[in-house]
Amino acid sequence: MVRDRLRARFRYWFDGTMDRGTPALISWLALASMLLIVAASTLVVVFTDTDAEDNGGWAGVAWMSLLRTLDPGTMGGDTGSPVFLALMLTVTIGGIFIVSALIGVLTTGLNQKIQELRKGRSQLMERGHTIVLGWSDQVFTVIAELVEANQSERRSCVVVLADRDKVTMEDAIRTRIPDMGRTRVICRSGNPLVRADLELVSPDTAKSIMVLPPVGDDRDVDVIKVLLLLHSRTWSGPRPHVVAAVHDSDNLAAARRAAGEGALVIDAEDIAVRLMAQAHRQTGLSGVFNELLSFVGNEFYLREEPALVGTTYGTALHAFETGTPAGLRRSDGRVLVNPAMDTVIAPGDQLLVIAEDDLLIRLARTPPPVIESAITSAPAERPGIDRTLLIGENSRTAKLVALLDSFVQPGSTLDIAAPRRPDTALNQPVVHLSLGFKHCEPTRRSSLESLDLGGYQHIVVLSDDTFAAGAADDRTLVTLLHLRDIEERLGDPYSIVTEMNDDANREVAQVTKADDFIVSTKVISLLLTQLTENRALYDVFTDLFDPEGSEIYLKPASDYVVLGAAANFATVVEAARREGETAIGYRLARYSDAPPGYGIFLNPPKSTPLVLGPQDAVVVLAEEEDALWSAGDRSEARVGRPRPAGRPRRSGPA
């Protein structure tokens, strides 16, 4: 009874040691080898006389036994008595089993270690890295932008933590972004909602943290929980700045409270709606934002210029050889986008400059020439009322209707054509719009033709969010093909602006020749990346997306210069300056279908000759009251809005 109990306890103890993994197994094999060698050496000394002495005594025999244990071929040259040879053969046979077991244990342990590494569960040891929490199609845009932003860095690192297989994530990233430049991208498998998994990516030593919303209906809930986890965490050093986005405006307040002070949370839905509302009357706007938000091409930089201290912002517009001023950042942190032209630049102020790179920003030795004869003095025409058709409906329809109501003149018409009646959008109070509903199947040609499309100036096609993103884009593509074909038959009476989910589908959809594409997911990804790299730009973008601040507009070139006259961009800048606006570029209609810029030219050379035509537009920063002016209108019925009172056009210097 006692023997059985001891045997059971010994077996339990032995099994416990075996469960400890590869090191325990190797230890048992080493112990077995030592016992075999000690036993064989002792037996040789006891049962032989000359063999033990001829081979150096017990220690020499033990060394011979060790060699035969590790290499069975060593026994081939042995000589001696039968007892000695039999004991050496026993050691060799035992060594064969021990070495075979050792090889198996090492192979199994190595495979287990490789599998653990493939799972992405090892602790990260990095400093100054950027952490991306979550996984969606936006991650490819984010990583590509971070790679571009870090081109000038000697060493940079981006870490992705998501509840996915590490190898699968790495393969997907390499496929979509084959050239990583100097940036290392590291993936870790783990749930960002679990504190232990979050610690894998060393948040204490990170430079910044971006929270990407996952795919699913509860994506905002997951973002809020991650923000709560980060906010409640005890940081061993300075807290890295955190940026995130929510897709439902109703969750914005909760997300900002969860994030705490210092974190930046943007409203993706609100930005998407504002882009759609503005772009429907000034096509090309999405191209401007895509370039300003991307690290490819021109973007915003904050720069001190001591040589301009004491001068006015209006003077600074002509002070740069390369680079286009767009605003000021006061020494107290306040950002002024397109401030009054007589605003004085004080010591410690930074200029907000649009440039390809901060190293390329240079002051001009002499101001670029302004061609006064090319500046127009003709007043803009007063437009008629707007007639807009909204094809399709989704969760953003009601907000879009409310925003359009604030942009148009009284008496304008907005009809919604969709398979289902959007009661929420149609029943809300409006001031300027006359709302109507028409039943329509957007993918059916006959249904679209019954809408009397020729009676509309602007058509906006919304993505159907009852379908998956890819399927919704496919349906939108079919609708665009029908609309463009009908438009050509009618003689080009309306503009087309559409909403897409995937930027990759934009290139495919170019065959439809729609006037503008709004890819809100890409815009949000670019905005998050900009804020991750430069937190100070938050106030800049807040001003640009806020209707009460200065916004980006594409206005008819005829508002600024004589059409067909020889000019340059410095002349356009001066014409806009006299209107209290900041010109940052222009759009050439003849290149509107050519990627990647689609006719948008920001921060162009100021002295290069420029001739603008009737279909071209000037990209300006202007106050909200200037939103009453529209651009991109291609018929006499679609011209600029009336100029606000107190803002007469001036043909002479300010």
# chains A, B, ... in the order shown; residues from 1 in each chain; ligands from 1

call {"tool": "residues_around", "arguments": {"residues": "Thr324 (chain A)", "least_positions_apart": "5", "cutoff": "8 Å", "atoms": "only C-alpha atoms", "output": "NGL selection string"}}
result
:A and (317 or 353-355 or 584 or 603)

call {"tool": "write_last_selection", "arguments": {"atoms": "N, CA and C atoms", "output": "compact mmCIF listing (two decimals), in the first residue's frame"}}
result
# COMPACT_ATOMS: atom_id res chain seq x y z
N LEU A 317 1.72 86.60 -47.97
CA LEU A 317 1.24 85.79 -49.08
C LEU A 317 2.16 85.86 -50.29
N VAL A 353 2.00 76.95 -43.54
CA VAL A 353 2.46 76.99 -44.93
C VAL A 353 2.15 75.65 -45.60
N ILE A 354 1.67 75.72 -46.84
CA ILE A 354 1.45 74.53 -47.65
C ILE A 354 2.68 74.33 -48.52
N ALA A 355 3.30 73.16 -48.42
CA ALA A 355 4.52 72.88 -49.18
C ALA A 355 4.68 71.37 -49.32
N ILE A 584 -4.69 79.01 -52.68
CA ILE A 584 -3.67 77.98 -52.43
C ILE A 584 -3.44 77.09 -53.64
N ASN A 603 -0.18 74.77 -54.28
CA ASN A 603 1.14 75.37 -54.11
C ASN A 603 1.94 75.38 -55.41

call {"tool": "residues_around", "arguments": {"residues": "Arg577 (chain A)", "least_positions_apart": "2", "cutoff": "12 Å", "atoms": "only C-alpha atoms", "output": "JSON, numbers by chain"}}
result
{"A": [312, 313, 314, 315, 316, 317, 318, 325, 326, 338, 339, 340, 341, 342, 375, 560, 570, 571, 572, 573, 574, 575, 579, 580, 581, 582, 583, 584, 620, 621, 622, 649, 650, 651, 652, 653, 654]}

call {"tool": "write_last_selection", "arguments": {"atoms": "C-alpha atoms", "output": "JSON list (two decimals), in the first residue's frame"}}
result
[["chain", "number", "residue", "atom", "x", "y", "z"],
["A", 312, "THR", "CA", 1.01, 91.59, -42.15],
["A", 313, "TYR", "CA", -0.42, 88.26, -43.23],
["A", 314, "GLY", "CA", -1.42, 89.80, -46.57],
["A", 315, "THR", "CA", 2.22, 90.74, -47.18],
["A", 316, "ALA", "CA", 3.36, 87.23, -46.27],
["A", 317, "LEU", "CA", 1.24, 85.79, -49.08],
["A", 318, "HIS", "CA", 3.80, 87.12, -51.57],
["A", 325, "PRO", "CA", 0.85, 80.59, -46.59],
["A", 326, "ALA", "CA", -2.57, 79.55, -45.37],
["A", 338, "ASN", "CA", -7.05, 82.67, -43.54],
["A", 339, "PRO", "CA", -6.92, 85.52, -41.00],
["A", 340, "ALA", "CA", -7.66, 89.13, -41.91],
["A", 341, "MET", "CA", -5.11, 90.44, -44.37],
["A", 342, "ASP", "CA", -4.02, 93.22, -41.98],
["A", 375, "ILE", "CA", -7.08, 90.78, -62.49],
["A", 560, "TYR", "CA", -10.27, 86.44, -60.03],
["A", 570, "ALA", "CA", 1.05, 85.33, -57.96],
["A", 571, "THR", "CA", -1.63, 87.30, -59.82],
["A", 572, "VAL", "CA", -4.29, 84.84, -58.63],
["A", 573, "VAL", "CA", -2.99, 85.15, -55.04],
["A", 574, "GLU", "CA", -3.21, 88.95, -55.23],
["A", 575, "ALA", "CA", -6.74, 88.87, -56.68],
["A", 579, "GLU", "CA", -11.21, 89.72, -51.52],
["A", 580, "GLY", "CA", -9.95, 88.72, -48.08],
["A", 581, "GLU", "CA", -9.25, 85.19, -49.30],
["A", 582, "THR", "CA", -6.15, 83.00, -49.53],
["A", 583, "ALA", "CA", -5.52, 81.29, -52.86],
["A", 584, "ILE", "CA", -3.67, 77.98, -52.43],
["A", 620, "VAL", "CA", -9.18, 79.36, -51.93],
["A", 621, "LEU", "CA", -9.55, 79.55, -48.17],
["A", 622, "ALA", "CA", -12.51, 81.74, -47.32],
["A", 649, "ARG", "CA", -14.64, 93.50, -55.52],
["A", 650, "ARG", "CA", -11.58, 95.72, -55.65],
["A", 651, "SER", "CA", -9.51, 95.99, -58.79],
["A", 652, "GLY", "CA", -6.69, 98.03, -57.27],
["A", 653, "PRO", "CA", -4.17, 97.21, -54.57],
["A", 654, "ALA", "CA", -5.53, 96.83, -51.08]]

call {"tool": "select_by_dssp", "arguments": {"residues": "region 223-413 of chain A", "states": "strand (DSSP E)", "output": "PyMOL selection string"}}
result
chain A and resi 241-246+264-267+299-303+320-322+324-329+335-337+350-355+362-363+387-391+412-413

call {"tool": "write_last_selection", "arguments": {"atoms": "N, CA and C atoms", "output": "short mmCIF file (atom, residue, chain, number, x, y, z; two decimals), in the first residue's frame"}}
result
data_model
loop_
_atom_site.label_atom_id
_atom_site.label_comp_id
_atom_site.auth_asym_id
_atom_site.auth_seq_id
_atom_site.Cartn_x
_atom_site.Cartn_y
_atom_site.Cartn_z
N HIS A 241 0.46 60.79 -27.32
CA HIS A 241 -0.83 61.37 -27.70
C HIS A 241 -1.63 60.33 -28.49
N VAL A 242 -2.92 60.31 -28.20
CA VAL A 242 -3.84 59.31 -28.71
C VAL A 242 -4.81 59.96 -29.68
N VAL A 243 -5.03 59.33 -30.83
CA VAL A 243 -6.01 59.82 -31.79
C VAL A 243 -6.95 58.67 -32.14
N ALA A 244 -8.22 59.01 -32.36
CA ALA A 244 -9.22 57.99 -32.68
C ALA A 244 -10.35 58.65 -33.45
N ALA A 245 -11.22 57.82 -34.02
CA ALA A 245 -12.38 58.32 -34.77
C ALA A 245 -13.58 57.46 -34.43
N VAL A 246 -14.75 58.11 -34.33
CA VAL A 246 -16.01 57.39 -34.16
C VAL A 246 -16.86 57.63 -35.40
N LEU A 264 -7.31 63.00 -28.89
CA LEU A 264 -8.06 63.62 -29.99
C LEU A 264 -9.02 62.60 -30.57
N VAL A 265 -10.30 62.92 -30.57
CA VAL A 265 -11.32 62.04 -31.15
C VAL A 265 -12.09 62.84 -32.19
N ILE A 266 -12.13 62.34 -33.42
CA ILE A 266 -12.81 63.05 -34.50
C ILE A 266 -14.10 62.33 -34.88
N ASP A 267 -15.01 63.09 -35.45
CA ASP A 267 -16.32 62.58 -35.85
C ASP A 267 -16.27 62.26 -37.34
N GLU A 299 1.39 69.33 -48.07
CA GLU A 299 0.68 69.25 -46.81
C GLU A 299 1.00 70.49 -45.98
N PHE A 300 0.38 70.59 -44.82
CA PHE A 300 0.56 71.75 -43.95
C PHE A 300 1.82 71.61 -43.09
N TYR A 301 2.51 72.74 -42.93
CA TYR A 301 3.65 72.83 -42.03
C TYR A 301 3.53 74.12 -41.22
N LEU A 302 3.97 74.06 -39.97
CA LEU A 302 4.03 75.24 -39.12
C LEU A 302 5.49 75.69 -39.03
N ARG A 303 5.73 76.96 -39.33
CA ARG A 303 7.11 77.43 -39.47
C ARG A 303 7.23 78.87 -38.99
N PHE A 320 6.97 84.25 -50.15
CA PHE A 320 7.63 82.95 -50.31
C PHE A 320 7.90 82.65 -51.77
N GLU A 321 9.10 82.14 -52.01
CA GLU A 321 9.43 81.64 -53.35
C GLU A 321 8.82 80.26 -53.56
N THR A 322 8.97 79.39 -52.57
CA THR A 322 8.33 78.08 -52.58
C THR A 322 7.58 77.91 -51.26
N THR A 324 3.16 78.12 -49.84
CA THR A 324 1.99 79.00 -49.89
C THR A 324 1.41 79.17 -48.50
N PRO A 325 1.45 80.37 -47.92
CA PRO A 325 0.85 80.59 -46.59
C PRO A 325 -0.65 80.35 -46.61
N ALA A 326 -1.14 79.82 -45.49
CA ALA A 326 -2.57 79.55 -45.37
C ALA A 326 -3.14 80.05 -44.05
N GLY A 327 -2.28 80.49 -43.13
CA GLY A 327 -2.78 80.97 -41.85
C GLY A 327 -1.66 81.22 -40.87
N LEU A 328 -2.05 81.46 -39.61
CA LEU A 328 -1.10 81.76 -38.54
C LEU A 328 -1.42 80.92 -37.31
N ARG A 329 -0.37 80.58 -36.58
CA ARG A 329 -0.54 79.98 -35.25
C ARG A 329 0.11 80.90 -34.25
N VAL A 335 -4.99 79.04 -33.52
CA VAL A 335 -4.75 78.89 -34.95
C VAL A 335 -5.74 79.75 -35.72
N LEU A 336 -5.25 80.53 -36.66
CA LEU A 336 -6.07 81.39 -37.51
C LEU A 336 -5.85 80.97 -38.95
N VAL A 337 -6.83 80.30 -39.52
CA VAL A 337 -6.77 79.92 -40.92
C VAL A 337 -7.37 81.06 -41.74
N GLN A 350 3.78 81.38 -35.65
CA GLN A 350 4.19 80.46 -36.71
C GLN A 350 3.25 80.62 -37.89
N LEU A 351 3.83 80.60 -39.08
CA LEU A 351 3.03 80.64 -40.29
C LEU A 351 2.61 79.22 -40.66
N LEU A 352 1.36 79.07 -41.04
CA LEU A 352 0.86 77.81 -41.57
C LEU A 352 1.11 77.83 -43.08
N VAL A 353 2.00 76.95 -43.54
CA VAL A 353 2.46 76.99 -44.93
C VAL A 353 2.15 75.65 -45.60
N ILE A 354 1.67 75.72 -46.84
CA ILE A 354 1.45 74.53 -47.65
C ILE A 354 2.68 74.33 -48.52
N ALA A 355 3.30 73.16 -48.42
CA ALA A 355 4.52 72.88 -49.18
C ALA A 355 4.68 71.37 -49.32
N ARG A 362 11.06 78.34 -48.78
CA ARG A 362 12.07 79.40 -48.87
C ARG A 362 11.40 80.74 -49.13
N LEU A 363 11.95 81.78 -48.49
CA LEU A 363 11.48 83.13 -48.74
C LEU A 363 12.03 83.62 -50.08
N ARG A 387 -31.36 73.11 -58.02
CA ARG A 387 -32.18 71.90 -58.09
C ARG A 387 -31.22 70.71 -57.98
N THR A 388 -31.33 70.00 -56.87
CA THR A 388 -30.41 68.91 -56.58
C THR A 388 -31.18 67.61 -56.41
N LEU A 389 -30.62 66.53 -56.95
CA LEU A 389 -31.22 65.21 -56.82
C LEU A 389 -30.29 64.32 -56.01
N LEU A 390 -30.82 63.74 -54.96
CA LEU A 390 -30.07 62.82 -54.11
C LEU A 390 -30.54 61.41 -54.43
N ILE A 391 -29.65 60.60 -55.02
CA ILE A 391 -30.01 59.23 -55.42
C ILE A 391 -29.49 58.26 -54.36
N SER A 412 -34.72 76.75 -53.26
CA SER A 412 -34.02 75.64 -53.91
C SER A 412 -34.75 74.33 -53.64
N THR A 413 -34.50 73.37 -54.52
CA THR A 413 -35.21 72.09 -54.46
C THR A 413 -34.23 70.96 -54.24
#

call {"tool": "closest_residue", "arguments": {"among": "A:Arg274, A:His247, A:Arg396, A:Lys225", "to": "Ala259 (chain A)", "atoms": "only C-alpha atoms"}}
result
A:Lys225

call {"tool": "residues_around", "arguments": {"residues": "Ile524 (chain A)", "least_positions_apart": "6", "cutoff": "12 Å", "atoms": "only C-alpha atoms", "output": "PyMOL selection string"}}
result
chain A and resi 137-139+141-142+210-213+243-247+265-272+275+286+289-290+293-294+501+518+530-531+541

call {"tool": "write_last_selection", "arguments": {"atoms": "N, CA, C and O atoms", "output": "short mmCIF file (atom, residue, chain, number, x, y, z; two decimals), in the first residue's frame"}}
result
data_model
loop_
_atom_site.label_atom_id
_atom_site.label_comp_id
_atom_site.auth_asym_id
_atom_site.auth_seq_id
_atom_site.Cartn_x
_atom_site.Cartn_y
_atom_site.Cartn_z
N ASP A 137 -9.61 47.84 -43.38
CA ASP A 137 -8.97 48.24 -44.63
C ASP A 137 -8.25 49.58 -44.50
O ASP A 137 -7.36 49.90 -45.31
N GLN A 138 -8.61 50.37 -43.50
CA GLN A 138 -7.94 51.65 -43.30
C GLN A 138 -6.48 51.50 -42.89
O GLN A 138 -5.69 52.43 -43.07
N VAL A 139 -6.11 50.34 -42.36
CA VAL A 139 -4.76 50.17 -41.86
C VAL A 139 -3.73 50.29 -42.98
O VAL A 139 -2.61 50.76 -42.77
N THR A 141 -3.91 52.27 -45.69
CA THR A 141 -3.72 53.69 -45.95
C THR A 141 -2.87 54.33 -44.86
O THR A 141 -1.96 55.12 -45.13
N VAL A 142 -3.16 53.97 -43.62
CA VAL A 142 -2.43 54.54 -42.48
C VAL A 142 -0.95 54.18 -42.54
O VAL A 142 -0.07 55.05 -42.42
N MET A 210 -2.77 55.26 -32.33
CA MET A 210 -3.95 55.48 -33.16
C MET A 210 -4.92 54.32 -32.94
O MET A 210 -4.53 53.16 -33.00
N VAL A 211 -6.18 54.66 -32.69
CA VAL A 211 -7.21 53.64 -32.48
C VAL A 211 -8.07 53.57 -33.73
O VAL A 211 -8.82 54.50 -34.04
N LEU A 212 -7.95 52.45 -34.47
CA LEU A 212 -8.76 52.27 -35.67
C LEU A 212 -10.04 51.52 -35.32
O LEU A 212 -9.99 50.52 -34.58
N PRO A 213 -11.17 51.94 -35.83
CA PRO A 213 -12.41 51.21 -35.56
C PRO A 213 -12.40 49.88 -36.30
O PRO A 213 -12.06 49.83 -37.49
N VAL A 243 -5.03 59.33 -30.83
CA VAL A 243 -6.01 59.82 -31.79
C VAL A 243 -6.95 58.67 -32.14
O VAL A 243 -6.54 57.51 -32.19
N ALA A 244 -8.22 59.01 -32.36
CA ALA A 244 -9.22 57.99 -32.68
C ALA A 244 -10.35 58.65 -33.45
O ALA A 244 -10.45 59.88 -33.54
N ALA A 245 -11.22 57.82 -34.02
CA ALA A 245 -12.38 58.32 -34.77
C ALA A 245 -13.58 57.46 -34.43
O ALA A 245 -13.46 56.25 -34.23
N VAL A 246 -14.75 58.11 -34.33
CA VAL A 246 -16.01 57.39 -34.16
C VAL A 246 -16.86 57.63 -35.40
O VAL A 246 -16.77 58.68 -36.05
N HIS A 247 -17.67 56.65 -35.76
CA HIS A 247 -18.46 56.74 -36.99
C HIS A 247 -19.90 57.19 -36.74
O HIS A 247 -20.61 57.48 -37.69
N VAL A 265 -10.30 62.92 -30.57
CA VAL A 265 -11.32 62.04 -31.15
C VAL A 265 -12.09 62.84 -32.19
O VAL A 265 -12.62 63.92 -31.89
N ILE A 266 -12.13 62.34 -33.42
CA ILE A 266 -12.81 63.05 -34.50
C ILE A 266 -14.10 62.33 -34.88
O ILE A 266 -14.25 61.13 -34.65
N ASP A 267 -15.01 63.09 -35.45
CA ASP A 267 -16.32 62.58 -35.85
C ASP A 267 -16.27 62.26 -37.34
O ASP A 267 -16.37 63.14 -38.19
N ALA A 268 -16.09 60.98 -37.66
CA ALA A 268 -15.94 60.57 -39.05
C ALA A 268 -17.21 60.81 -39.86
O ALA A 268 -17.16 61.23 -41.01
N GLU A 269 -18.35 60.57 -39.26
CA GLU A 269 -19.62 60.75 -39.97
C GLU A 269 -19.84 62.22 -40.32
O GLU A 269 -20.22 62.55 -41.45
N ASP A 270 -19.56 63.11 -39.39
CA ASP A 270 -19.76 64.53 -39.63
C ASP A 270 -18.84 65.03 -40.74
O ASP A 270 -19.26 65.81 -41.60
N ILE A 271 -17.60 64.58 -40.74
CA ILE A 271 -16.66 65.00 -41.78
C ILE A 271 -17.10 64.50 -43.14
O ILE A 271 -17.05 65.22 -44.15
N ALA A 272 -17.56 63.25 -43.20
CA ALA A 272 -18.02 62.69 -44.48
C ALA A 272 -19.21 63.47 -45.02
O ALA A 272 -19.28 63.77 -46.23
N LEU A 275 -18.05 66.93 -46.34
CA LEU A 275 -17.38 66.81 -47.63
C LEU A 275 -18.40 66.60 -48.75
O LEU A 275 -18.29 67.21 -49.83
N SER A 286 -12.73 66.92 -52.95
CA SER A 286 -12.13 65.75 -52.32
C SER A 286 -10.67 65.60 -52.73
O SER A 286 -9.83 65.16 -51.93
N PHE A 289 -8.59 67.90 -50.48
CA PHE A 289 -8.40 67.35 -49.14
C PHE A 289 -7.48 66.13 -49.16
O PHE A 289 -6.67 65.94 -48.25
N ASN A 290 -7.61 65.28 -50.18
CA ASN A 290 -6.75 64.11 -50.25
C ASN A 290 -5.28 64.50 -50.30
O ASN A 290 -4.43 63.85 -49.69
N LEU A 293 -4.18 66.22 -46.84
CA LEU A 293 -4.13 65.28 -45.74
C LEU A 293 -3.10 64.18 -45.94
O LEU A 293 -2.72 63.50 -44.99
N SER A 294 -2.66 64.01 -47.18
CA SER A 294 -1.69 62.96 -47.47
C SER A 294 -0.27 63.49 -47.32
O SER A 294 -0.01 64.69 -47.49
N ASN A 501 -16.86 53.66 -51.00
CA ASN A 501 -16.34 53.09 -49.75
C ASN A 501 -14.87 52.74 -49.84
O ASN A 501 -14.14 52.88 -48.86
N ILE A 518 -16.21 61.00 -53.32
CA ILE A 518 -15.95 61.21 -51.91
C ILE A 518 -15.69 59.83 -51.28
O ILE A 518 -16.61 59.02 -51.16
N GLN A 530 -2.26 62.27 -40.08
CA GLN A 530 -1.70 63.61 -39.91
C GLN A 530 -1.67 63.99 -38.42
O GLN A 530 -0.67 64.53 -37.93
N LEU A 531 -2.75 63.71 -37.72
CA LEU A 531 -2.80 64.07 -36.30
C LEU A 531 -1.86 63.21 -35.47
O LEU A 531 -1.35 63.66 -34.43
N PHE A 541 -7.33 71.60 -38.88
CA PHE A 541 -8.37 70.81 -39.54
C PHE A 541 -9.74 71.05 -38.92
O PHE A 541 -10.76 70.98 -39.60
#

call {"tool": "residues_around", "arguments": {"residues": "Ser232 (chain A)", "least_positions_apart": "5", "cutoff": "12 Å", "atoms": "only C-alpha atoms", "output": "list in words"}}
result
Arg195, Lys225, Val226, Leu227, Arg239, Arg257, Ala258, Ala259, Gly260 and Glu261 of chain A

call {"tool": "closest_residue", "arguments": {"among": "A:Val460, A:Leu612, A:Val618, A:Leu285", "to": "Gly597 (chain A)", "atoms": "only C-alpha atoms"}}
result
A:Leu285

call {"tool": "select_by_dssp", "arguments": {"residues": "region 295-468 of chain A", "states": "alpha helix (DSSP H)", "output": "JSON, numbers by chain"}}
result
{"A": [313, 314, 315, 316, 397, 398, 399, 400, 401, 402, 403, 404, 405, 406, 407, 423, 424, 425, 426, 445, 446, 447, 448, 449]}

call {"tool": "write_last_selection", "arguments": {"atoms": "N, CA and C atoms", "output": "compact mmCIF listing (two decimals), in the first residue's frame"}}
result
# COMPACT_ATOMS: atom_id res chain seq x y z
N TYR A 313 -0.18 89.55 -42.56
CA TYR A 313 -0.42 88.26 -43.23
C TYR A 313 -0.59 88.45 -44.73
N GLY A 314 -1.25 89.54 -45.14
CA GLY A 314 -1.42 89.80 -46.57
C GLY A 314 -0.08 89.97 -47.28
N THR A 315 0.88 90.59 -46.60
CA THR A 315 2.22 90.74 -47.18
C THR A 315 2.92 89.39 -47.28
N ALA A 316 2.71 88.54 -46.28
CA ALA A 316 3.36 87.23 -46.27
C ALA A 316 2.90 86.34 -47.41
N THR A 397 -28.23 60.44 -44.56
CA THR A 397 -29.10 61.25 -45.42
C THR A 397 -29.69 62.44 -44.67
N ALA A 398 -30.19 62.22 -43.46
CA ALA A 398 -30.83 63.31 -42.72
C ALA A 398 -29.83 64.44 -42.44
N LYS A 399 -28.60 64.10 -42.04
CA LYS A 399 -27.60 65.13 -41.79
C LYS A 399 -27.22 65.86 -43.06
N LEU A 400 -27.14 65.12 -44.16
CA LEU A 400 -26.79 65.75 -45.43
C LEU A 400 -27.86 66.74 -45.86
N VAL A 401 -29.12 66.39 -45.68
CA VAL A 401 -30.22 67.30 -46.04
C VAL A 401 -30.14 68.57 -45.19
N ALA A 402 -29.90 68.42 -43.89
CA ALA A 402 -29.82 69.59 -43.01
C ALA A 402 -28.67 70.49 -43.40
N LEU A 403 -27.55 69.92 -43.78
CA LEU A 403 -26.39 70.73 -44.15
C LEU A 403 -26.60 71.41 -45.50
N LEU A 404 -27.20 70.70 -46.45
CA LEU A 404 -27.49 71.32 -47.74
C LEU A 404 -28.46 72.48 -47.58
N ASP A 405 -29.37 72.38 -46.65
CA ASP A 405 -30.32 73.45 -46.41
C ASP A 405 -29.63 74.74 -45.99
N SER A 406 -28.47 74.61 -45.32
CA SER A 406 -27.75 75.81 -44.88
C SER A 406 -26.88 76.39 -45.99
N PHE A 407 -26.68 75.68 -47.09
CA PHE A 407 -25.79 76.14 -48.16
C PHE A 407 -26.53 76.84 -49.30
N ASP A 423 -38.12 58.80 -44.16
CA ASP A 423 -39.02 59.69 -43.43
C ASP A 423 -38.26 60.65 -42.52
N THR A 424 -37.19 60.16 -41.89
CA THR A 424 -36.44 61.03 -40.97
C THR A 424 -35.89 62.24 -41.70
N ALA A 425 -35.35 62.04 -42.90
CA ALA A 425 -34.77 63.14 -43.66
C ALA A 425 -35.85 64.06 -44.21
N LEU A 426 -36.98 63.50 -44.65
CA LEU A 426 -38.02 64.29 -45.30
C LEU A 426 -38.87 65.06 -44.30
N ARG A 445 -31.94 51.35 -65.30
CA ARG A 445 -31.91 52.47 -66.24
C ARG A 445 -33.29 53.10 -66.40
N SER A 446 -34.30 52.30 -66.54
CA SER A 446 -35.65 52.85 -66.75
C SER A 446 -36.10 53.66 -65.54
N SER A 447 -35.74 53.21 -64.35
CA SER A 447 -36.12 53.93 -63.14
C SER A 447 -35.43 55.29 -63.07
N LEU A 448 -34.16 55.35 -63.49
CA LEU A 448 -33.43 56.62 -63.49
C LEU A 448 -33.98 57.57 -64.54
N GLU A 449 -34.33 57.06 -65.71
CA GLU A 449 -34.85 57.92 -66.77
C GLU A 449 -36.19 58.54 -66.40

call {"tool": "residues_around", "arguments": {"residues": "Asp349 (chain A)", "least_positions_apart": "2", "cutoff": "9 Å", "atoms": "only C-alpha atoms", "output": "PyMOL selection string"}}
result
chain A and resi 303-306+309+328-333+345-347+351

call {"tool": "write_last_selection", "arguments": {"atoms": "C-alpha atoms", "output": "CSV table (one decimal), in the first residue's frame"}}
result
chain,number,residue,atom,x,y,z
A,303,ARG,CA,7.1,77.4,-39.5
A,304,GLU,CA,8.5,80.5,-37.8
A,305,GLU,CA,9.8,83.2,-40.0
A,306,PRO,CA,11.6,85.9,-38.0
A,309,VAL,CA,7.8,89.6,-37.9
A,328,LEU,CA,-1.1,81.8,-38.5
A,329,ARG,CA,-0.5,80.0,-35.3
A,330,ARG,CA,-0.2,82.5,-32.4
A,331,SER,CA,2.3,82.1,-29.7
A,332,ASP,CA,-0.5,81.2,-27.3
A,333,GLY,CA,-1.6,78.3,-29.5
A,345,ILE,CA,2.7,88.7,-37.5
A,346,ALA,CA,4.1,88.9,-33.9
A,347,PRO,CA,7.2,87.4,-32.4
A,351,LEU,CA,3.0,80.6,-40.3

call {"tool": "atom_distance", "arguments": {"atom1": "CA of Asp163 (chain A)", "atom2": "CA of Arg188 (chain A)"}}
result
8.5 Å

call {"tool": "residues_around", "arguments": {"residues": "region 170-184 of chain A", "least_positions_apart": "6", "cutoff": "10 Å", "atoms": "only C-alpha atoms", "output": "PyMOL selection string"}}
result
chain A and resi 129+139-141+143-144+146-160

call {"tool": "decode", "arguments": {"residues": "region 234-240 of chain A", "atoms": "N, CA and C atoms", "output": "PDB file, in the first residue's frame"}}
result
ATOM      1  N   THR A 234      -1.991  53.339 -15.926  1.00  0.00           N
ATOM      2  CA  THR A 234      -0.958  54.103 -15.225  1.00  0.00           C
ATOM      3  C   THR A 234       0.285  54.150 -16.112  1.00  0.00           C
ATOM      4  N   TRP A 235       0.694  55.345 -16.491  1.00  0.00           N
ATOM      5  CA  TRP A 235       1.815  55.503 -17.421  1.00  0.00           C
ATOM      6  C   TRP A 235       3.094  55.747 -16.637  1.00  0.00           C
ATOM      7  N   SER A 236       4.153  55.064 -17.050  1.00  0.00           N
ATOM      8  CA  SER A 236       5.433  55.207 -16.359  1.00  0.00           C
ATOM      9  C   SER A 236       6.193  56.451 -16.799  1.00  0.00           C
ATOM     10  N   GLY A 237       5.779  57.074 -17.885  1.00  0.00           N
ATOM     11  CA  GLY A 237       6.418  58.283 -18.385  1.00  0.00           C
ATOM     12  C   GLY A 237       5.382  59.177 -19.022  1.00  0.00           C
ATOM     13  N   PRO A 238       5.805  60.114 -19.860  1.00  0.00           N
ATOM     14  CA  PRO A 238       4.840  60.975 -20.561  1.00  0.00           C
ATOM     15  C   PRO A 238       3.878  60.140 -21.405  1.00  0.00           C
ATOM     16  N   ARG A 239       2.624  60.478 -21.329  1.00  0.00           N
ATOM     17  CA  ARG A 239       1.619  59.733 -22.074  1.00  0.00           C
ATOM     18  C   ARG A 239       1.703  60.074 -23.555  1.00  0.00           C
ATOM     19  N   PRO A 240       1.825  59.075 -24.442  1.00  0.00           N
ATOM     20  CA  PRO A 240       1.823  59.379 -25.879  1.00  0.00           C
ATOM     21  C   PRO A 240       0.473  59.942 -26.294  1.00  0.00           C
TER      22      PRO A 240
END
